[in-house]
Structure formats: C-alpha cells, structure tokens
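Structure file model36.txt with compact mmCIF, C-alpha atoms:
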# COMPACT_ATOMS: atom_id res chain seq x y z
CA MET A 13 -9.20 -44.53 -3.42
CA ALA A 14 -6.33 -42.44 -2.14
CA SER A 15 -3.84 -45.01 -3.43
CA GLY A 16 -5.50 -44.83 -6.87
CA SER A 17 -4.96 -41.10 -7.10
CA LYS A 18 -1.40 -41.55 -5.88
CA GLU A 19 -0.70 -44.02 -8.65
CA ILE A 20 -2.14 -41.64 -11.20
CA ARG A 21 0.03 -38.85 -9.84
CA ALA A 22 3.13 -41.01 -10.23
CA LYS A 23 2.11 -41.82 -13.78
CA ILE A 24 1.57 -38.16 -14.59
CA SER A 25 5.03 -37.26 -13.40
CA SER A 26 6.58 -40.12 -15.38
CA VAL A 27 4.75 -39.12 -18.56
CA THR A 28 5.79 -35.51 -17.97
CA ASN A 29 9.42 -36.63 -17.83
CA THR A 30 9.02 -38.61 -21.03
CA LYS A 31 7.48 -35.59 -22.66
CA LYS A 32 10.45 -33.46 -21.63
CA ILE A 33 12.81 -36.00 -23.18
CA THR A 34 10.91 -36.30 -26.45
CA LYS A 35 10.66 -32.51 -26.65
CA ALA A 36 14.41 -32.21 -26.16
CA MET A 37 15.07 -34.91 -28.77
CA GLU A 38 12.80 -33.09 -31.18
CA MET A 39 14.74 -29.87 -30.78
CA VAL A 40 18.11 -31.62 -31.04
CA ALA A 41 16.96 -33.36 -34.21
CA ALA A 42 15.77 -30.05 -35.67
CA SER A 43 19.13 -28.44 -35.09
CA LYS A 44 21.06 -31.49 -36.32
CA MET A 45 18.90 -31.63 -39.40
CA ARG A 46 19.89 -28.12 -40.43
CA LYS A 47 23.55 -29.13 -40.23
CA ALA A 48 22.92 -32.41 -42.03
CA GLN A 49 21.12 -30.55 -44.79
CA ALA A 50 24.06 -28.18 -45.18
CA ARG A 51 26.35 -31.21 -45.46
CA MET A 52 24.03 -32.72 -48.04
CA GLU A 53 24.22 -29.52 -50.08
CA ALA A 54 28.02 -29.53 -49.80
CA THR A 55 28.33 -32.98 -51.37
CA LYS A 56 26.23 -32.01 -54.38
CA PRO A 57 28.88 -30.14 -56.42
CA TYR A 58 31.21 -33.16 -56.44
CA VAL A 59 28.51 -35.58 -57.55
CA GLU A 60 27.37 -33.11 -60.23
CA LYS A 61 30.90 -32.61 -61.52
CA VAL A 62 31.68 -36.34 -61.60
CA LYS A 63 28.43 -36.87 -63.47
CA ARG A 64 29.42 -34.16 -65.94
CA VAL A 65 32.79 -35.81 -66.54
CA ILE A 66 31.13 -39.22 -66.94
CA ALA A 67 28.71 -37.71 -69.45
CA HIS A 68 31.69 -36.30 -71.36
CA VAL A 69 33.36 -39.70 -71.29
CA ALA A 70 30.15 -41.29 -72.58
CA GLY A 71 30.15 -38.70 -75.35
CA ALA A 72 33.70 -39.52 -76.38
CA HIS A 73 34.60 -42.36 -78.69
CA PRO A 74 37.12 -44.23 -76.61
CA GLU A 75 38.88 -47.34 -77.82
CA TYR A 76 38.70 -48.71 -74.31
CA LYS A 77 35.24 -49.38 -72.86
CA HIS A 78 35.17 -49.61 -69.10
CA PRO A 79 33.49 -52.77 -67.69
CA TYR A 80 31.27 -50.63 -65.40
CA THR A 81 29.50 -49.26 -68.46
CA GLN A 82 28.90 -52.65 -70.05
CA PRO A 83 25.76 -54.52 -68.92
CA ARG A 84 26.34 -58.24 -68.52
CA ALA A 85 24.28 -60.71 -70.53
CA THR A 86 23.34 -62.98 -67.63
CA VAL A 87 22.78 -61.84 -64.07
CA LYS A 88 23.40 -64.63 -61.60
CA ARG A 89 24.45 -62.66 -58.52
CA VAL A 90 23.79 -59.09 -57.49
CA GLY A 91 25.26 -56.82 -54.85
CA LEU A 92 22.95 -54.64 -52.76
CA VAL A 93 24.26 -51.71 -50.75
CA VAL A 94 21.76 -50.81 -48.02
CA ILE A 95 22.05 -47.50 -46.22
CA SER A 96 20.33 -47.21 -42.86
CA SER A 97 20.66 -45.14 -39.73
CA ASP A 98 22.72 -46.13 -36.70
CA ARG A 99 20.09 -45.17 -34.17
CA GLY A 100 16.42 -45.79 -33.76
CA LEU A 101 13.60 -43.51 -32.63
CA CYS A 102 13.27 -42.08 -36.11
CA GLY A 103 9.79 -43.24 -37.01
CA GLY A 104 9.39 -45.65 -39.87
CA LEU A 105 12.49 -44.50 -41.73
CA ASN A 106 14.39 -47.77 -41.67
CA SER A 107 11.38 -50.10 -41.70
CA ASN A 108 10.01 -48.32 -44.75
CA LEU A 109 13.29 -48.84 -46.53
CA PHE A 110 13.45 -52.54 -45.63
CA ARG A 111 9.85 -52.90 -46.71
CA ALA A 112 10.79 -51.44 -50.10
CA ILE A 113 13.72 -53.85 -50.40
CA LEU A 114 11.86 -57.05 -49.52
CA PRO A 115 9.84 -57.36 -52.76
CA LYS A 116 13.10 -56.97 -54.71
CA LEU A 117 14.76 -59.67 -52.64
CA LYS A 118 11.78 -61.95 -53.21
CA ALA A 119 11.86 -61.31 -56.96
CA TRP A 120 15.57 -62.09 -57.10
CA LYS A 121 15.04 -65.24 -55.09
CA GLU A 122 12.40 -66.43 -57.53
CA GLN A 123 14.74 -65.84 -60.44
CA GLY A 124 17.47 -67.75 -58.65
CA VAL A 125 19.65 -64.67 -58.31
CA VAL A 126 21.93 -64.68 -55.28
CA VAL A 127 22.11 -61.41 -53.35
CA GLU A 128 25.21 -60.21 -51.52
CA LEU A 129 24.66 -57.45 -49.00
CA ALA A 130 26.85 -54.53 -48.04
CA LEU A 131 25.30 -52.79 -45.07
CA VAL A 132 25.80 -49.25 -43.85
CA GLY A 133 24.40 -48.44 -40.42
CA ASN A 134 23.48 -50.52 -37.37
CA LYS A 135 19.80 -50.83 -38.20
CA ALA A 136 20.40 -52.62 -41.50
CA GLN A 137 22.75 -55.02 -39.74
CA THR A 138 20.23 -55.89 -37.05
CA PHE A 139 17.52 -56.33 -39.65
CA PHE A 140 19.44 -58.54 -42.06
CA ARG A 141 20.96 -60.58 -39.27
CA SER A 142 17.45 -61.68 -38.37
CA TYR A 143 16.13 -61.81 -41.90
CA GLY A 144 19.06 -63.75 -43.17
CA GLY A 145 21.16 -62.97 -46.17
CA ASN A 146 24.70 -63.09 -47.31
CA ILE A 147 26.42 -60.10 -45.70
CA VAL A 148 29.79 -59.38 -47.31
CA ALA A 149 30.70 -56.01 -45.81
CA THR A 150 29.39 -53.70 -43.12
CA VAL A 151 30.17 -50.32 -41.71
CA SER A 152 28.42 -48.47 -38.90
CA ASP A 153 28.81 -45.72 -36.31
CA LEU A 154 29.50 -43.09 -38.93
CA GLY A 155 28.36 -40.32 -36.62
CA ASP A 156 26.56 -37.13 -37.58
CA ALA A 157 29.23 -36.05 -40.06
CA PRO A 158 30.15 -39.10 -42.14
CA HIS A 159 33.42 -39.09 -44.06
CA ILE A 160 33.92 -40.71 -47.42
CA GLU A 161 36.98 -42.57 -46.11
CA ASP A 162 34.74 -44.56 -43.76
CA LEU A 163 32.86 -45.98 -46.72
CA VAL A 164 35.77 -46.74 -49.03
CA GLY A 165 36.40 -50.23 -47.67
CA THR A 166 32.79 -51.35 -47.95
CA ILE A 167 32.45 -50.03 -51.49
CA LYS A 168 35.74 -51.63 -52.48
CA VAL A 169 34.56 -55.06 -51.33
CA VAL A 170 31.52 -54.79 -53.59
CA LEU A 171 33.36 -53.36 -56.61
CA ASP A 172 36.15 -55.91 -56.33
CA LYS A 173 33.53 -58.63 -56.45
CA PHE A 174 32.11 -57.02 -59.56
CA ASP A 175 35.56 -56.83 -61.14
CA GLN A 176 36.16 -60.50 -60.43
CA GLY A 177 32.81 -61.46 -61.92
CA ASP A 178 31.39 -62.63 -58.56
CA ILE A 179 28.48 -60.25 -58.96
CA ASP A 180 26.96 -58.90 -62.15
CA GLU A 181 24.98 -55.91 -60.95
CA VAL A 182 25.13 -53.58 -57.97
CA TYR A 183 22.12 -51.81 -56.44
CA LEU A 184 21.90 -49.06 -53.88
CA ALA A 185 19.00 -48.82 -51.42
CA SER A 186 18.61 -45.64 -49.42
CA ASN A 187 16.18 -42.95 -48.37
CA GLU A 188 15.65 -39.94 -50.55
CA PHE A 189 15.19 -36.61 -48.79
CA VAL A 190 12.06 -35.06 -50.28
CA ASN A 191 11.51 -32.55 -47.50
CA THR A 192 11.58 -32.46 -43.71
CA MET A 193 8.33 -34.38 -43.41
CA THR A 194 8.82 -36.81 -46.28
CA GLN A 195 11.47 -39.41 -46.99
CA LYS A 196 11.19 -41.75 -49.91
CA PRO A 197 12.81 -45.20 -49.91
CA ASN A 198 14.57 -45.79 -53.18
CA VAL A 199 16.41 -48.71 -54.81
CA GLN A 200 18.56 -47.74 -57.77
CA MET A 201 21.04 -49.52 -59.99
CA LEU A 202 24.62 -48.45 -59.37
CA VAL A 203 26.65 -50.68 -61.68
CA PRO A 204 26.56 -50.99 -64.66
CA LEU A 205 26.11 -47.26 -65.09
CA GLN A 206 23.15 -46.41 -67.21
CA ALA A 207 24.91 -44.76 -70.12
CA GLU A 208 23.24 -41.63 -71.38
CA GLU A 209 22.37 -41.20 -75.04
CA ASN A 210 25.46 -40.38 -77.00
CA THR A 211 24.54 -37.08 -78.60
CA ASN A 212 28.02 -35.70 -79.16
CA GLU A 213 29.10 -35.07 -82.69
CA GLY A 214 32.64 -35.68 -83.82
CA HIS A 215 35.08 -38.44 -83.11
CA TRP A 216 37.30 -37.29 -80.33
CA ASP A 217 38.87 -39.16 -77.47
CA TYR A 218 40.79 -38.12 -74.42
CA LEU A 219 44.49 -38.14 -73.89
CA TYR A 220 44.88 -40.38 -70.85
CA GLU A 221 47.50 -40.36 -68.16
CA PRO A 222 48.88 -42.81 -67.19
CA ASP A 223 46.59 -44.87 -69.49
CA ALA A 224 42.91 -45.26 -70.34
CA PRO A 225 42.05 -48.22 -68.06
CA THR A 226 43.72 -46.66 -65.00
CA ALA A 227 42.24 -43.22 -65.49
CA LEU A 228 38.74 -44.47 -66.31
CA ASN A 229 38.80 -47.02 -63.51
CA LEU A 230 39.68 -44.29 -61.03
CA LEU A 231 36.94 -42.07 -62.39
CA MET A 232 34.30 -44.80 -62.18
CA ARG A 233 35.31 -45.74 -58.65
CA ARG A 234 35.21 -42.13 -57.51
CA TYR A 235 31.81 -41.75 -59.13
CA ILE A 236 30.40 -44.75 -57.30
CA GLU A 237 32.00 -43.70 -54.02
CA ALA A 238 30.57 -40.22 -54.41
CA THR A 239 27.11 -41.59 -55.17
CA VAL A 240 27.13 -43.87 -52.13
CA PHE A 241 28.56 -41.14 -49.93
CA GLY A 242 25.93 -38.71 -51.20
CA SER A 243 23.23 -41.21 -50.23
CA VAL A 244 24.74 -41.69 -46.78
CA VAL A 245 24.73 -37.96 -46.17
CA GLU A 246 21.21 -37.69 -47.54
CA ASN A 247 20.11 -40.55 -45.30
CA ALA A 248 21.53 -38.65 -42.31
CA SER A 249 19.27 -35.71 -43.18
CA CYS A 250 16.35 -38.08 -43.56
CA GLU A 251 17.12 -39.61 -40.18
CA GLN A 252 17.03 -36.26 -38.39
CA GLY A 253 13.90 -35.20 -40.25
CA ALA A 254 12.12 -38.44 -39.45
CA ARG A 255 13.24 -38.26 -35.83
CA MET A 256 12.01 -34.71 -35.52
CA VAL A 257 8.57 -35.67 -36.80
CA ALA A 258 8.44 -38.84 -34.69
CA MET A 259 9.45 -36.96 -31.55
CA LYS A 260 6.95 -34.19 -32.25
CA SER A 261 4.10 -36.67 -32.42
CA ALA A 262 5.44 -38.43 -29.31
CA THR A 263 5.45 -35.09 -27.49
CA ASP A 264 1.91 -34.38 -28.65
CA ASN A 265 0.76 -37.82 -27.57
CA ALA A 266 2.40 -37.38 -24.18
CA GLY A 267 0.54 -34.08 -23.82
CA ASP A 268 -2.78 -35.77 -24.61
CA MET A 269 -1.99 -38.55 -22.18
CA ILE A 270 -1.18 -36.09 -19.40
CA ASN A 271 -4.50 -34.33 -19.97
CA GLU A 272 -6.39 -37.62 -19.77
CA LEU A 273 -4.51 -38.67 -16.65
CA LYS A 274 -5.18 -35.31 -15.02
CA LEU A 275 -8.87 -35.73 -15.73
CA SER A 276 -8.99 -39.16 -14.16
CA TYR A 277 -6.87 -37.91 -11.24
CA ASN A 278 -9.35 -35.13 -10.57
CA LYS A 279 -12.24 -37.57 -10.87
CA ALA A 280 -10.57 -39.90 -8.38
CA ARG A 281 -9.93 -37.01 -6.02
CA GLN A 282 -13.50 -35.83 -6.27
CA ALA A 283 -14.80 -39.35 -5.68
CA ALA A 284 -12.59 -39.64 -2.60
CA ILE A 285 -13.88 -36.35 -1.20
CA THR A 286 -17.50 -37.32 -1.90
CA ALA A 287 -16.96 -40.64 -0.18
CA GLU A 288 -15.42 -38.92 2.83
CA ILE A 289 -18.27 -36.42 3.12
CA SER A 290 -20.91 -39.12 2.89
CA GLU A 291 -19.04 -41.10 5.54
CA ILE A 292 -19.01 -38.08 7.85
CA VAL A 293 -22.70 -37.41 7.15
CA ALA A 294 -23.55 -41.02 7.74
CA GLY A 295 -21.46 -41.02 10.92
CA SER A 296 -23.13 -37.86 12.31
CA ALA A 297 -26.56 -39.23 11.46
CA ALA A 298 -25.75 -42.35 13.44
CA VAL A 299 -24.78 -40.21 16.44
CA MET B 2 40.44 -9.78 -71.05
CA ALA B 3 42.46 -12.73 -72.17
CA VAL B 4 40.91 -16.01 -73.25
CA SER B 5 39.76 -17.89 -70.20
CA MET B 6 38.29 -21.22 -69.22
CA GLN B 7 35.93 -22.37 -66.50
CA VAL B 8 37.71 -24.06 -63.61
CA ASP B 9 35.88 -26.12 -61.01
CA ILE B 10 37.71 -27.73 -58.13
CA VAL B 11 35.50 -29.91 -55.94
CA SER B 12 35.94 -32.51 -53.24
CA ALA B 13 33.35 -34.95 -51.93
CA GLU B 14 32.82 -32.77 -48.87
CA GLY B 15 32.42 -29.43 -50.62
CA GLU B 16 33.25 -27.04 -53.41
CA ILE B 17 36.81 -25.68 -53.27
CA PHE B 18 37.03 -23.30 -56.21
CA SER B 19 34.83 -22.26 -59.09
CA GLY B 20 35.66 -19.47 -61.53
CA LYS B 21 37.40 -18.31 -64.65
CA ALA B 22 41.14 -18.77 -65.17
CA GLU B 23 43.71 -18.28 -67.88
CA MET B 24 46.04 -21.01 -66.87
CA LEU B 25 46.15 -23.97 -64.53
CA PHE B 26 48.99 -26.15 -63.30
CA ALA B 27 48.51 -29.57 -61.76
CA GLN B 28 50.46 -32.72 -60.92
CA ALA B 29 49.21 -35.23 -63.48
CA ALA B 30 50.17 -38.90 -63.46
CA ASP B 31 53.21 -38.45 -65.70
CA GLY B 32 54.40 -35.11 -64.37
CA GLU B 33 53.26 -31.53 -64.00
CA VAL B 34 50.96 -30.16 -66.68
CA GLY B 35 50.16 -26.57 -67.54
CA ILE B 36 46.73 -26.13 -69.09
CA MET B 37 45.60 -23.16 -71.14
CA PRO B 38 42.20 -22.61 -72.78
CA HIS B 39 41.44 -24.74 -75.83
CA HIS B 40 43.56 -27.57 -74.64
CA THR B 41 42.61 -30.92 -76.14
CA GLN B 42 40.48 -33.34 -74.08
CA PHE B 43 42.59 -34.82 -71.35
CA LEU B 44 41.81 -37.17 -68.47
CA SER B 45 44.36 -37.97 -65.82
CA GLN B 46 44.90 -39.18 -62.34
CA LEU B 47 46.24 -36.43 -60.06
CA LYS B 48 49.12 -36.93 -57.70
CA PRO B 49 49.08 -35.31 -54.27
CA GLY B 50 50.34 -31.79 -54.72
CA THR B 51 49.39 -28.23 -55.45
CA VAL B 52 46.99 -27.07 -58.12
CA ARG B 53 47.77 -23.53 -59.21
CA VAL B 54 45.07 -21.44 -60.83
CA VAL B 55 46.21 -18.29 -62.64
CA SER B 56 43.74 -15.58 -63.57
CA GLY B 57 45.12 -12.15 -64.46
CA ASP B 58 47.66 -11.13 -61.84
CA GLU B 59 46.18 -13.42 -59.27
CA GLU B 60 47.37 -16.88 -58.53
CA ASP B 61 45.53 -19.30 -56.24
CA HIS B 62 47.13 -22.39 -54.72
CA PHE B 63 45.14 -25.42 -53.62
CA TYR B 64 46.68 -28.44 -52.01
CA ILE B 65 45.07 -31.60 -53.35
CA SER B 66 45.67 -35.04 -51.84
CA GLY B 67 45.12 -36.77 -55.18
CA GLY B 68 42.15 -37.12 -57.48
CA ILE B 69 41.20 -36.76 -61.12
CA ILE B 70 41.53 -33.93 -63.63
CA GLU B 71 39.34 -33.68 -66.70
CA ILE B 72 40.03 -31.13 -69.37
CA GLN B 73 37.65 -29.99 -72.06
CA PRO B 74 38.56 -27.09 -74.41
CA THR B 75 36.80 -24.45 -72.31
CA MET B 76 36.40 -26.28 -69.04
CA VAL B 77 38.64 -27.85 -66.41
CA THR B 78 37.25 -30.06 -63.66
CA VAL B 79 39.38 -31.18 -60.74
CA LEU B 80 37.82 -33.94 -58.65
CA ALA B 81 39.87 -33.79 -55.49
CA ASP B 82 40.04 -36.60 -52.95
CA SER B 83 39.25 -35.41 -49.45
CA ALA B 84 42.08 -37.48 -48.02
CA ILE B 85 45.18 -39.25 -49.20
CA ARG B 86 44.27 -42.54 -50.78
CA ALA B 87 46.65 -45.40 -51.20
CA ALA B 88 45.87 -48.80 -52.64
CA ASP B 89 47.05 -50.70 -49.56
CA LEU B 90 45.09 -48.39 -47.26
CA ASP B 91 41.95 -49.04 -49.30
CA GLU B 92 42.71 -52.74 -49.12
CA ALA B 93 42.98 -52.59 -45.33
CA GLU B 94 39.65 -50.76 -45.15
CA ALA B 95 38.06 -53.40 -47.38
CA ASN B 96 39.36 -56.20 -45.20
CA ALA B 97 38.04 -54.45 -42.10
CA ALA B 98 34.61 -54.16 -43.72
CA LYS B 99 34.66 -57.87 -44.58
CA GLN B 100 35.73 -58.75 -41.06
CA ARG B 101 32.85 -56.77 -39.61
CA ALA B 102 30.47 -58.61 -41.94
CA VAL B 103 31.75 -61.98 -40.73
CA GLU B 104 31.29 -60.86 -37.12
CA ALA B 105 27.80 -59.64 -37.91
CA MET B 106 26.91 -63.04 -39.35
CA ASP B 107 28.43 -64.84 -36.36
CA ASN B 108 26.45 -62.76 -33.94
CA ALA B 109 23.25 -63.66 -35.73
CA LYS B 110 22.21 -65.96 -32.90
CA SER B 111 22.23 -63.26 -30.23
CA ASP B 112 19.35 -61.43 -31.83
CA THR B 113 16.90 -59.37 -29.90
CA ASP B 114 13.21 -60.08 -30.18
CA ILE B 115 12.61 -56.56 -31.42
CA ALA B 116 14.71 -57.12 -34.52
CA ARG B 117 12.92 -60.37 -35.26
CA ALA B 118 9.54 -58.75 -34.74
CA GLN B 119 10.55 -55.96 -37.09
CA VAL B 120 11.48 -58.48 -39.76
CA GLU B 121 8.19 -60.30 -39.38
CA LEU B 122 6.24 -57.07 -39.48
CA ALA B 123 8.02 -55.90 -42.63
CA GLU B 124 7.40 -59.24 -44.30
CA ALA B 125 3.75 -59.21 -43.34
CA VAL B 126 3.26 -55.70 -44.69
CA ALA B 127 5.04 -56.62 -47.92
CA GLN B 128 2.70 -59.59 -48.28
CA ILE B 129 -0.35 -57.44 -47.65
CA GLN B 130 0.84 -54.97 -50.25
CA ALA B 131 1.38 -57.73 -52.77
CA ILE B 132 -2.07 -59.17 -52.09
CA SER B 133 -3.81 -55.82 -52.36
CA LYS B 134 -2.00 -55.15 -55.65
CA LEU B 135 -3.16 -58.51 -56.94
CA ARG B 136 -6.69 -57.75 -55.81
CA ASP B 137 -6.63 -54.39 -57.57
CA ARG B 138 -5.54 -56.08 -60.74
CA LEU B 139 -8.30 -58.67 -60.45
CA HIS B 140 -10.85 -55.94 -59.91
CA LYS B 141 -9.66 -54.13 -62.98
CA THR B 142 -9.90 -57.19 -65.17
CA GLY B 143 -13.33 -57.92 -63.74
CA MET B 144 -12.40 -61.35 -62.43
CA ALA B 145 -13.28 -60.75 -58.81

What would you get if you wrote out this structure as structure tokens?
Amino acid sequence: MASGSKEIRAKISSVTNTKKITKAMEMVAASKMRKAQARMEATKPYVEKVKRVIAHVAGAHPEYKHPYTQPRATVKRVGLVVISSDRGLCGGLNSNLFRAILPKLKAWKEQGVVVELALVGNKAQTFFRSYGGNIVATVSDLGDAPHIEDLVGTIKVVLDKFDQGDIDEVYLASNEFVNTMTQKPNVQMLVPLQAEENTNEGHWDYLYEPDAPTALNLLMRRYIEATVFGSVVENASCEQGARMVAMKSATDNAGDMINELKLSYNKARQAAITAEISEIVAGSAAV
Amino acid sequence: MAVSMQVDIVSAEGEIFSGKAEMLFAQAADGEVGIMPHHTQFLSQLKPGTVRVVSGDEEDHFYISGGIIEIQPTMVTVLADSAIRAADLDEAEANAAKQRAVEAMDNAKSDTDIARAQVELAEAVAQIQAISKLRDRLHKTGMA
C-alpha cells in the first residue's frame, strides 16, 4: 500500500510540474499575442492603401489590362498558398485549417484540376508531406516577427508559374483572427483579382512611368505580397491566441488531475493507516 | 491656407506618414517628380531615394528603398518597400524556396507517425462532415 501512495505522490509532483509549464506557456502566449496583434494592426494601412490604389486602377480606363485581373477561361491547374504555424501546442489551429482545405482539394481532384502547393510554416510542410501533394515552394521558421522579405521568394515562385501559364488560379488558405478565443480558417482566391464594379465616371487613365505593364505589374505583385504577408502576420496572432486558450485548458485540466490524485493519495494513506491499526489490534488480541 | 492634398506614405510593416501637404518630391522611374495638388493621375515605380513632403514652412524627408507612387488629383499614396528589392535578389529567394520544397518532398519518407495520424484524422473528420451534410440534405428532401 505504501508503494501505491508513493507512486501517486510521484505522479502528483510530475503533474504539478506540467501545470507550471503550461501556465508559463499560457502567460508567454498572452504577452506574445499582444505584440502580434500590434504587428497585425501595423500591416493594415499598407494593405488598405494598396487596395485603394487597385480600386482606382480598376476605375480607370486603361488601354493595358493586367493578366492578374483577367480570369482564365479554363482552369487546369491551381496554386494554393497555405499558411500555418511553425510550432505546435496551439490547439486545433492548424488541423482546423487543413480540415477546411481538404474538401477543396477533393473537389479539385474530382474536376481533374492539378494543385501546386506553396507552404508557409513547418506544420503545413509536415502535413502535406504525409498527405501527398505537389509542393513547389516552402518557407518556415519566420519567427515571432515575420518580415515580408522572407516571403518574397515563395510568392514569386507561384506568381511566375501564373505568368507562364503553368497555373490558372491562385488561392490563399489561412486563419482569420476573429478574436482571442476564435480563429476562422479561410480559403480565398488571390489571383485573378476579383475586380470591383467599375463605378467611376469619365474616361481617364494614368500616366505611367516607366510604362503601363511595368508599373501595373509591380503594383499587382506588391498587392499580392502584402495580402500574403498580412495573412502570415494575422496567422501569428491566431497562433498565440490559440496557444493561450489551449494552455489555459491544459492548466485547468492539470489542476483537476492534481485534485483527483490528491484524493486518491489521501484514500490510499487512510487505507494504509487503517490496515496498520487493525494489524496492531489483531496482534495485541493474539497476545 | 494654400491648396493641399492628402499624402499617405505606408510600408508593409507600418504607416510612415499621413497628412496634408502642398508639394511632394519623389524619385520616379524616369527621374525626380514634383507633385502639387490637382496633378493628373500618375502611377510610377519609385527608385530608392528620398521622398520630400512640403507643407507650409515644414519639410519632411523620408528615405524609401523603392516602391510605388500613385497620384490622384487630391491624393498621393506612396507604397514603400520595407527593404531594397532587386530582381536578382528576388530570383535567388525564389530558387531557395523551390529548393526547400524539393527537400521537403525528398524527406517525405522520414515522416513521424504523429503527422500521418493527423492526416488520417483530418480526412476522417472531413468525411464525417460530408456525410452529415448529405444526411441533412436527405432529411430536408424527405428521402431518409
């Protein structure tokens, strides 16, 4: 009996240690999330301004139409940019995203559309390595403060393929930050850009320097880069939020477990004492 | 107060400047341009250099490592790059990304069981969702 209570004691101390760790991770995630949210806010002006410029361009009457604004008649191959976290222990964040992607992949497969994957983050790489799929570009270990330069190469691979006609549409899969507790997996179309209704009156066009294709191409690329970067930063906020919630529930569960273990420890102790007393009583009765 | 225009200078990692100005100078693709309010619509690549914003007696200087400038009659937007970008540098980055993808595919055999289990779980859940959707539809049409 004594060994039983000893085992329980060891278990209690191990669970207590785990609880300390999860508690610490929860607090770290909470503090990192505040910073990540600030970073997310900081990227918003750029995306808004690029969108404004794009809306202006859509409102103009240019002679040159950029290929990124022209939907293609047949879609044989698509590119999918998947944004995931580098680390685990963040609840169902990544699995929920993959779960949202799978029906799309199945639908494409049924239509005979080939999917090329560009993966951001370690978790997406591990997942699609097992799931299978044609990975064309990856980037990971972006850290807590991702920089747009880290993503340029991956985005370029996908856009170059689009330019060459290797792929006809590009999608972006990432988590949307609703609030600290809620993240929403989201798959959106990136290229061709969904042109907004042309409401502008008048027939004006820009003066371009050096020329229309160069200037518009640069603008479109920056827009796509900014959108992907914005999603990466948003995903980082989601990651910290999800981790915070996951670690909070882990801490709570550890607390419950400790209480249960303490109860059974006390029961074991009591049983041992009772057994000892009855042994002594039995022994004295025998004498 | 003189005629002014709205100037916004932003980079991907934050807002740099936002306010009214009477004149703005920037390094456009074909040389320096000076922009005053009611300029015609203009879209240009920006070369690395200084953007000067003049409002009243004040003059602000911002170093930009390239980007895009868009001009509307009462509005100027500068989309600044957060770092110097060169075509060959971008190319190198793209090649590195491709290389990593090839390595990722090569390493596919050394998978952990956890990853595989995760895939199977996700697939199973997707199937369940599909089935329950189908069932809902059948219920609605009264076929079940």

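Our summary of the geometry notes that CA of Ser83 in chain B is positioned 11.1 Å from CA of Ala238 in chain A.
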
Using all atoms listed in the file, determine which residues of chain B fall within 6 Å of chain A; present them as a list in words. Val11, Ser12, Ala13, Glu14, Gly15, Ala30, Gln42, Phe43, Leu44, Ser45, Gln46, Asp91, Glu94, Ala95, Ala98, Lys99, Arg101, Ala102, Ala109, Ala116, Arg117 and Ala123 of chain B

A straight line from CA of Asn106 in chain A to CA of Leu92 in chain A spans 15.6 Å

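Put simply, CA of Ile95 in chain A is 5.1 Å away from CA of Ser186 in chain A.
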
Edge lengths and centre in Å, axis-aligned, range 73-79 of chain B plus 4 Å each side, as JSON:
{"center_x": 37.9, "center_y": -27.8, "center_z": -67.6, "size_x": 11.0, "size_y": 14.7, "size_z": 21.7}
